[in-house]
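Peer 1: See run.pdb below, with PDB, C-alpha atoms.
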MODEL        1
ATOM      1  CA  MET T   1       0.000   0.000   0.000  1.00  0.00           C
ATOM      2  CA  ASN T   2       2.842   2.371   0.851  1.00  0.00           C
ATOM      3  CA  ASP T   3       4.495   1.761  -2.545  1.00  0.00           C
ATOM      4  CA  PHE T   4       1.220   2.482  -4.304  1.00  0.00           C
ATOM      5  CA  LEU T   5       0.871   5.862  -2.555  1.00  0.00           C
ATOM      6  CA  THR T   6       4.477   6.759  -3.345  1.00  0.00           C
ATOM      7  CA  TYR T   7       3.938   5.845  -6.998  1.00  0.00           C
ATOM      8  CA  ASN T   8       0.790   7.996  -7.244  1.00  0.00           C
ATOM      9  CA  PHE T   9       2.545  10.861  -5.503  1.00  0.00           C
ATOM     10  CA  TYR T  10       5.394  10.889  -8.041  1.00  0.00           C
ATOM     11  CA  LEU T  11       2.975  10.341 -10.893  1.00  0.00           C
ATOM     12  CA  ALA T  12       1.035  13.437  -9.821  1.00  0.00           C
ATOM     13  CA  LEU T  13       4.268  15.461  -9.591  1.00  0.00           C
ATOM     14  CA  ALA T  14       5.696  14.249 -12.926  1.00  0.00           C
ATOM     15  CA  PRO T  15       4.234  17.101 -15.056  1.00  0.00           C
ATOM     16  CA  TRP T  16       5.650  19.631 -12.615  1.00  0.00           C
ATOM     17  CA  PHE T  17       9.077  17.983 -12.763  1.00  0.00           C
ATOM     18  CA  VAL T  18       8.968  18.221 -16.567  1.00  0.00           C
ATOM     19  CA  PHE T  19       7.877  21.870 -16.405  1.00  0.00           C
ATOM     20  CA  VAL T  20      10.650  22.791 -13.958  1.00  0.00           C
ATOM     21  CA  GLY T  21      13.222  20.896 -16.018  1.00  0.00           C
ATOM     22  CA  LEU T  22      12.229  22.611 -19.271  1.00  0.00           C
ATOM     23  CA  SER T  23      12.184  25.977 -17.503  1.00  0.00           C
ATOM     24  CA  PHE T  24      15.701  25.345 -16.249  1.00  0.00           C
ATOM     25  CA  VAL T  25      16.870  24.450 -19.775  1.00  0.00           C
ATOM     26  CA  ALA T  26      15.209  27.602 -21.145  1.00  0.00           C
ATOM     27  CA  VAL T  27      16.974  29.806 -18.577  1.00  0.00           C
ATOM     28  CA  ILE T  28      20.330  28.231 -19.430  1.00  0.00           C
ATOM     29  CA  LEU T  29      19.734  28.708 -23.171  1.00  0.00           C
ATOM     30  CA  MET T  30      18.772  32.349 -22.600  1.00  0.00           C
ATOM     31  CA  MET T  31      21.996  32.921 -20.671  1.00  0.00           C
ATOM     32  CA  PHE T  32      23.970  31.322 -23.506  1.00  0.00           C
ATOM     33  CA  ALA T  33      22.107  33.434 -26.071  1.00  0.00           C
ATOM     34  CA  LYS T  34      22.917  36.654 -24.178  1.00  0.00           C
ATOM     35  CA  LYS T  35      26.584  35.672 -24.193  1.00  0.00           C
ATOM     36  CA  ARG T  36      26.285  34.772 -27.910  1.00  0.00           C
ATOM     37  CA  ARG T  37      27.386  31.195 -27.417  1.00  0.00           C
ATOM     38  CA  GLY T  38      27.134  28.762 -30.302  1.00  0.00           C
ATOM     39  CA  ILE T  39      25.047  26.212 -28.418  1.00  0.00           C
ATOM     40  CA  ALA T  40      22.047  28.560 -28.306  1.00  0.00           C
ATOM     41  CA  ILE T  41      22.288  29.231 -32.029  1.00  0.00           C
ATOM     42  CA  ALA T  42      22.673  25.513 -32.780  1.00  0.00           C
ATOM     43  CA  PHE T  43      19.623  24.699 -30.654  1.00  0.00           C
ATOM     44  CA  ALA T  44      17.581  27.398 -32.392  1.00  0.00           C
ATOM     45  CA  VAL T  45      18.604  26.075 -35.816  1.00  0.00           C
ATOM     46  CA  LEU T  46      17.634  22.520 -34.852  1.00  0.00           C
ATOM     47  CA  VAL T  47      14.261  23.640 -33.514  1.00  0.00           C
ATOM     48  CA  GLN T  48      13.644  25.668 -36.674  1.00  0.00           C
ATOM     49  CA  MET T  49      14.570  22.699 -38.879  1.00  0.00           C
ATOM     50  CA  PHE T  50      12.284  20.222 -37.165  1.00  0.00           C
ATOM     51  CA  SER T  51       9.300  22.436 -36.400  1.00  0.00           C
ATOM     52  CA  PRO T  52       6.805  22.765 -39.225  1.00  0.00           C
ATOM     53  CA  ASP T  53       5.991  26.198 -40.594  1.00  0.00           C
ATOM     54  CA  PRO T  54       2.560  26.246 -42.260  1.00  0.00           C
ATOM     55  CA  LEU T  55       3.131  29.731 -43.674  1.00  0.00           C
ATOM     56  CA  VAL T  56       6.473  29.099 -45.386  1.00  0.00           C
ATOM     57  CA  GLU T  57       5.509  30.802 -48.637  1.00  0.00           C
ATOM     58  CA  LYS T  58       4.215  33.895 -46.824  1.00  0.00           C
ATOM     59  CA  THR T  59       7.360  34.066 -44.721  1.00  0.00           C
ATOM     60  CA  ILE T  60       9.600  33.836 -47.785  1.00  0.00           C
ATOM     61  CA  ALA T  61       7.619  36.534 -49.580  1.00  0.00           C
ATOM     62  CA  MET T  62       7.819  38.793 -46.519  1.00  0.00           C
ATOM     63  CA  VAL T  63      11.597  38.345 -46.249  1.00  0.00           C
ATOM     64  CA  VAL T  64      12.021  39.068 -49.950  1.00  0.00           C
ATOM     65  CA  SER T  65       9.945  42.250 -49.701  1.00  0.00           C
ATOM     66  CA  GLU T  66      11.941  43.374 -46.634  1.00  0.00           C
ATOM     67  CA  LYS T  67      15.179  42.830 -48.545  1.00  0.00           C
ATOM     68  CA  ARG T  68      13.741  44.819 -51.440  1.00  0.00           C
ATOM     69  CA  ASN T  69      12.891  47.719 -49.103  1.00  0.00           C
ATOM     70  CA  ILE T  70      16.361  47.649 -47.569  1.00  0.00           C
ATOM     71  CA  LYS T  71      17.982  47.712 -51.008  1.00  0.00           C
ATOM     72  CA  LYS T  72      15.830  50.708 -52.006  1.00  0.00           C
ATOM     73  CA  GLN T  73      16.736  52.580 -48.816  1.00  0.00           C
ATOM     74  CA  GLN T  74      20.431  51.881 -49.322  1.00  0.00           C
ATOM     75  CA  GLY T  75      20.179  53.135 -52.889  1.00  0.00           C
ATOM     76  CA  LYS T  76      18.560  56.383 -51.759  1.00  0.00           C
ATOM     77  CA  GLU T  77      21.065  56.939 -48.964  1.00  0.00           C
ATOM     78  CA  ASP T  78      24.075  56.375 -51.205  1.00  0.00           C
ATOM     79  CA  GLY T  79      22.761  58.765 -53.825  1.00  0.00           C
ATOM     80  CA  LYS T  80      22.762  56.037 -56.451  1.00  0.00           C
ATOM     81  CA  ASN T  81      20.204  55.625 -59.149  1.00  0.00           C
ATOM     82  CA  LYS T  82      17.090  53.788 -57.961  1.00  0.00           C
ATOM     83  CA  ASN T  83      17.042  51.654 -61.105  1.00  0.00           C
ATOM     84  CA  LYS T  84      20.303  49.962 -60.142  1.00  0.00           C
ATOM     85  CA  THR T  85      18.842  48.370 -57.019  1.00  0.00           C
ATOM     86  CA  LEU T  86      18.178  44.658 -57.148  1.00  0.00           C
ATOM     87  CA  ILE T  87      14.483  43.804 -57.317  1.00  0.00           C
ATOM     88  CA  ILE T  88      13.593  40.261 -56.395  1.00  0.00           C
ATOM     89  CA  LYS T  89      10.155  39.133 -57.474  1.00  0.00           C
ATOM     90  CA  PRO T  90       8.472  36.203 -55.725  1.00  0.00           C
ATOM     91  CA  ASP T  91       7.919  33.074 -57.785  1.00  0.00           C
ATOM     92  CA  ASN T  92       4.230  32.985 -56.981  1.00  0.00           C
ATOM     93  CA  PRO T  93       2.529  36.416 -57.230  1.00  0.00           C
ATOM     94  CA  ASP T  94      -0.658  35.006 -55.640  1.00  0.00           C
ATOM     95  CA  ILE T  95       0.897  35.084 -52.152  1.00  0.00           C
ATOM     96  CA  GLN T  96      -0.897  37.588 -49.980  1.00  0.00           C
TER      97      GLN T  96
ENDMDL
END
Now that the file is in, can you turn its structure into structure tokens?

Peer 2:
Amino acid sequence: MNDFLTYNFYLALAPWFVFVGLSFVAVILMMFAKKRRGIAIAFAVLVQMFSPDPLVEKTIAMVVSEKRNIKKQQGKEDGKNKNKTLIIKPDNPDIQ
């Protein structure tokens, strides 16, 4: 009977142990990220690789448009001709 109660006690605390453990890992990774350590970047790259992104096409189009805006701003600041800036058009113009 005593073993059964001990088992149920630890079973009830298991989610909290997982939460505390993941919180501890997150704090360590944040400290590494503030110090610009490679382990934090490697972990972020692995998470990005294995987590699905349902809006990949939108994200790519947004990045391309941001790059386009940056190129235009750099062209204006340098006093260069606007026509010489690189314009990247998305493959699929239907992306909204």

Peer 1: If you count all atoms listed in the file, which residues fall within 9 Å of Leu29 in chain T, apart from same-chain ones fewer than 6 positions away, as a JSON list (two decimals) with C-alpha atoms, in the frame of the given file?

Peer 2:
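The file below, selection.json, is the result:
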[["chain", "number", "residue", "atom", "x", "y", "z"],
["T", 39, "ILE", "CA", 25.05, 26.21, -28.42],
["T", 40, "ALA", "CA", 22.05, 28.56, -28.31],
["T", 43, "PHE", "CA", 19.62, 24.70, -30.65]]

Peer 1: Can you measure CA of Glu66 in chain T to CA of Asp53 in chain T for me? One decimal in Å is fine.

Peer 2: 19.2 Å

Peer 1: Around all of range 35-38 of chain T's listed atoms, make the axis-aligned box with 6 Å on each side and tell me centre and edge lengths in Å to one decimal, as JSON.

Peer 2:
{"center_x": 26.8, "center_y": 32.2, "center_z": -27.2, "size_x": 13.1, "size_y": 18.9, "size_z": 18.1}

Peer 1: Suppose you want the space between CA of Leu46 in chain T and CA of Leu22 in chain T; what is it in Å?

Peer 2: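 Spanning CA of Leu46 in chain T to CA of Leu22 in chain T is a straight-line distance of 16.5 Å.
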
Peer 1: Complete range 11-38 of chain T at the level of N, CA and C atoms, written as an mmCIF file, keeping the file's coordinate frame.

Peer 2:
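File out_4.cif, as written:
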data_model
loop_
_atom_site.group_PDB
_atom_site.id
_atom_site.type_symbol
_atom_site.label_atom_id
_atom_site.label_comp_id
_atom_site.auth_asym_id
_atom_site.auth_seq_id
_atom_site.Cartn_x
_atom_site.Cartn_y
_atom_site.Cartn_z
ATOM 1 N N LEU T 11 3.717 10.229 -9.640
ATOM 2 C CA LEU T 11 2.975 10.341 -10.893
ATOM 3 C C LEU T 11 2.244 11.684 -10.977
ATOM 4 N N ALA T 12 1.716 12.145 -9.849
ATOM 5 C CA ALA T 12 1.035 13.437 -9.821
ATOM 6 C C ALA T 12 2.024 14.593 -9.973
ATOM 7 N N LEU T 13 3.256 14.407 -9.498
ATOM 8 C CA LEU T 13 4.268 15.461 -9.591
ATOM 9 C C LEU T 13 5.056 15.441 -10.900
ATOM 10 N N ALA T 14 4.915 14.395 -11.695
ATOM 11 C CA ALA T 14 5.696 14.249 -12.926
ATOM 12 C C ALA T 14 5.543 15.440 -13.884
ATOM 13 N N PRO T 15 4.332 15.930 -14.151
ATOM 14 C CA PRO T 15 4.234 17.101 -15.056
ATOM 15 C C PRO T 15 4.964 18.325 -14.507
ATOM 16 N N TRP T 16 4.948 18.485 -13.200
ATOM 17 C CA TRP T 16 5.650 19.631 -12.615
ATOM 18 C C TRP T 16 7.162 19.469 -12.733
ATOM 19 N N PHE T 17 7.649 18.236 -12.577
ATOM 20 C CA PHE T 17 9.077 17.983 -12.763
ATOM 21 C C PHE T 17 9.495 18.307 -14.195
ATOM 22 N N VAL T 18 8.680 17.927 -15.153
ATOM 23 C CA VAL T 18 8.968 18.221 -16.567
ATOM 24 C C VAL T 18 8.954 19.726 -16.794
ATOM 25 N N PHE T 19 7.966 20.421 -16.243
ATOM 26 C CA PHE T 19 7.877 21.870 -16.405
ATOM 27 C C PHE T 19 9.093 22.573 -15.800
ATOM 28 N N VAL T 20 9.486 22.179 -14.614
ATOM 29 C CA VAL T 20 10.650 22.791 -13.958
ATOM 30 C C VAL T 20 11.917 22.481 -14.741
ATOM 31 N N GLY T 21 12.047 21.269 -15.234
ATOM 32 C CA GLY T 21 13.222 20.896 -16.018
ATOM 33 C C GLY T 21 13.328 21.698 -17.311
ATOM 34 N N LEU T 22 12.215 21.818 -18.028
ATOM 35 C CA LEU T 22 12.229 22.611 -19.271
ATOM 36 C C LEU T 22 12.459 24.092 -18.986
ATOM 37 N N SER T 23 11.936 24.579 -17.877
ATOM 38 C CA SER T 23 12.184 25.977 -17.503
ATOM 39 C C SER T 23 13.662 26.208 -17.218
ATOM 40 N N PHE T 24 14.276 25.260 -16.549
ATOM 41 C CA PHE T 24 15.701 25.345 -16.249
ATOM 42 C C PHE T 24 16.529 25.353 -17.538
ATOM 43 N N VAL T 25 16.173 24.488 -18.479
ATOM 44 C CA VAL T 25 16.870 24.450 -19.775
ATOM 45 C C VAL T 25 16.677 25.769 -20.517
ATOM 46 N N ALA T 26 15.475 26.331 -20.461
ATOM 47 C CA ALA T 26 15.209 27.602 -21.145
ATOM 48 C C ALA T 26 16.050 28.730 -20.545
ATOM 49 N N VAL T 27 16.169 28.768 -19.225
ATOM 50 C CA VAL T 27 16.974 29.806 -18.577
ATOM 51 C C VAL T 27 18.442 29.672 -18.979
ATOM 52 N N ILE T 28 18.935 28.451 -19.021
ATOM 53 C CA ILE T 28 20.330 28.231 -19.430
ATOM 54 C C ILE T 28 20.537 28.663 -20.882
ATOM 55 N N LEU T 29 19.604 28.310 -21.766
ATOM 56 C CA LEU T 29 19.734 28.708 -23.171
ATOM 57 C C LEU T 29 19.662 30.224 -23.333
ATOM 58 N N MET T 30 18.829 30.885 -22.528
ATOM 59 C CA MET T 30 18.772 32.349 -22.600
ATOM 60 C C MET T 30 20.083 32.975 -22.143
ATOM 61 N N MET T 31 20.696 32.404 -21.112
ATOM 62 C CA MET T 31 21.996 32.921 -20.671
ATOM 63 C C MET T 31 23.045 32.734 -21.766
ATOM 64 N N PHE T 32 23.032 31.567 -22.416
ATOM 65 C CA PHE T 32 23.970 31.322 -23.506
ATOM 66 C C PHE T 32 23.716 32.270 -24.676
ATOM 67 N N ALA T 33 22.439 32.548 -24.957
ATOM 68 C CA ALA T 33 22.107 33.434 -26.071
ATOM 69 C C ALA T 33 22.574 34.866 -25.783
ATOM 70 N N LYS T 34 22.448 35.311 -24.524
ATOM 71 C CA LYS T 34 22.917 36.654 -24.178
ATOM 72 C C LYS T 34 24.426 36.772 -24.318
ATOM 73 N N LYS T 35 25.128 35.675 -24.059
ATOM 74 C CA LYS T 35 26.584 35.672 -24.193
ATOM 75 C C LYS T 35 27.028 35.335 -25.619
ATOM 76 N N ARG T 36 26.047 35.118 -26.501
ATOM 77 C CA ARG T 36 26.285 34.772 -27.910
ATOM 78 C C ARG T 36 27.105 33.493 -28.054
ATOM 79 N N ARG T 37 26.732 32.490 -27.322
ATOM 80 C CA ARG T 37 27.386 31.195 -27.417
ATOM 81 C C ARG T 37 26.790 30.400 -28.574
ATOM 82 N N GLY T 38 27.569 29.539 -29.145
ATOM 83 C CA GLY T 38 27.134 28.762 -30.302
ATOM 84 C C GLY T 38 26.071 27.734 -29.995
#
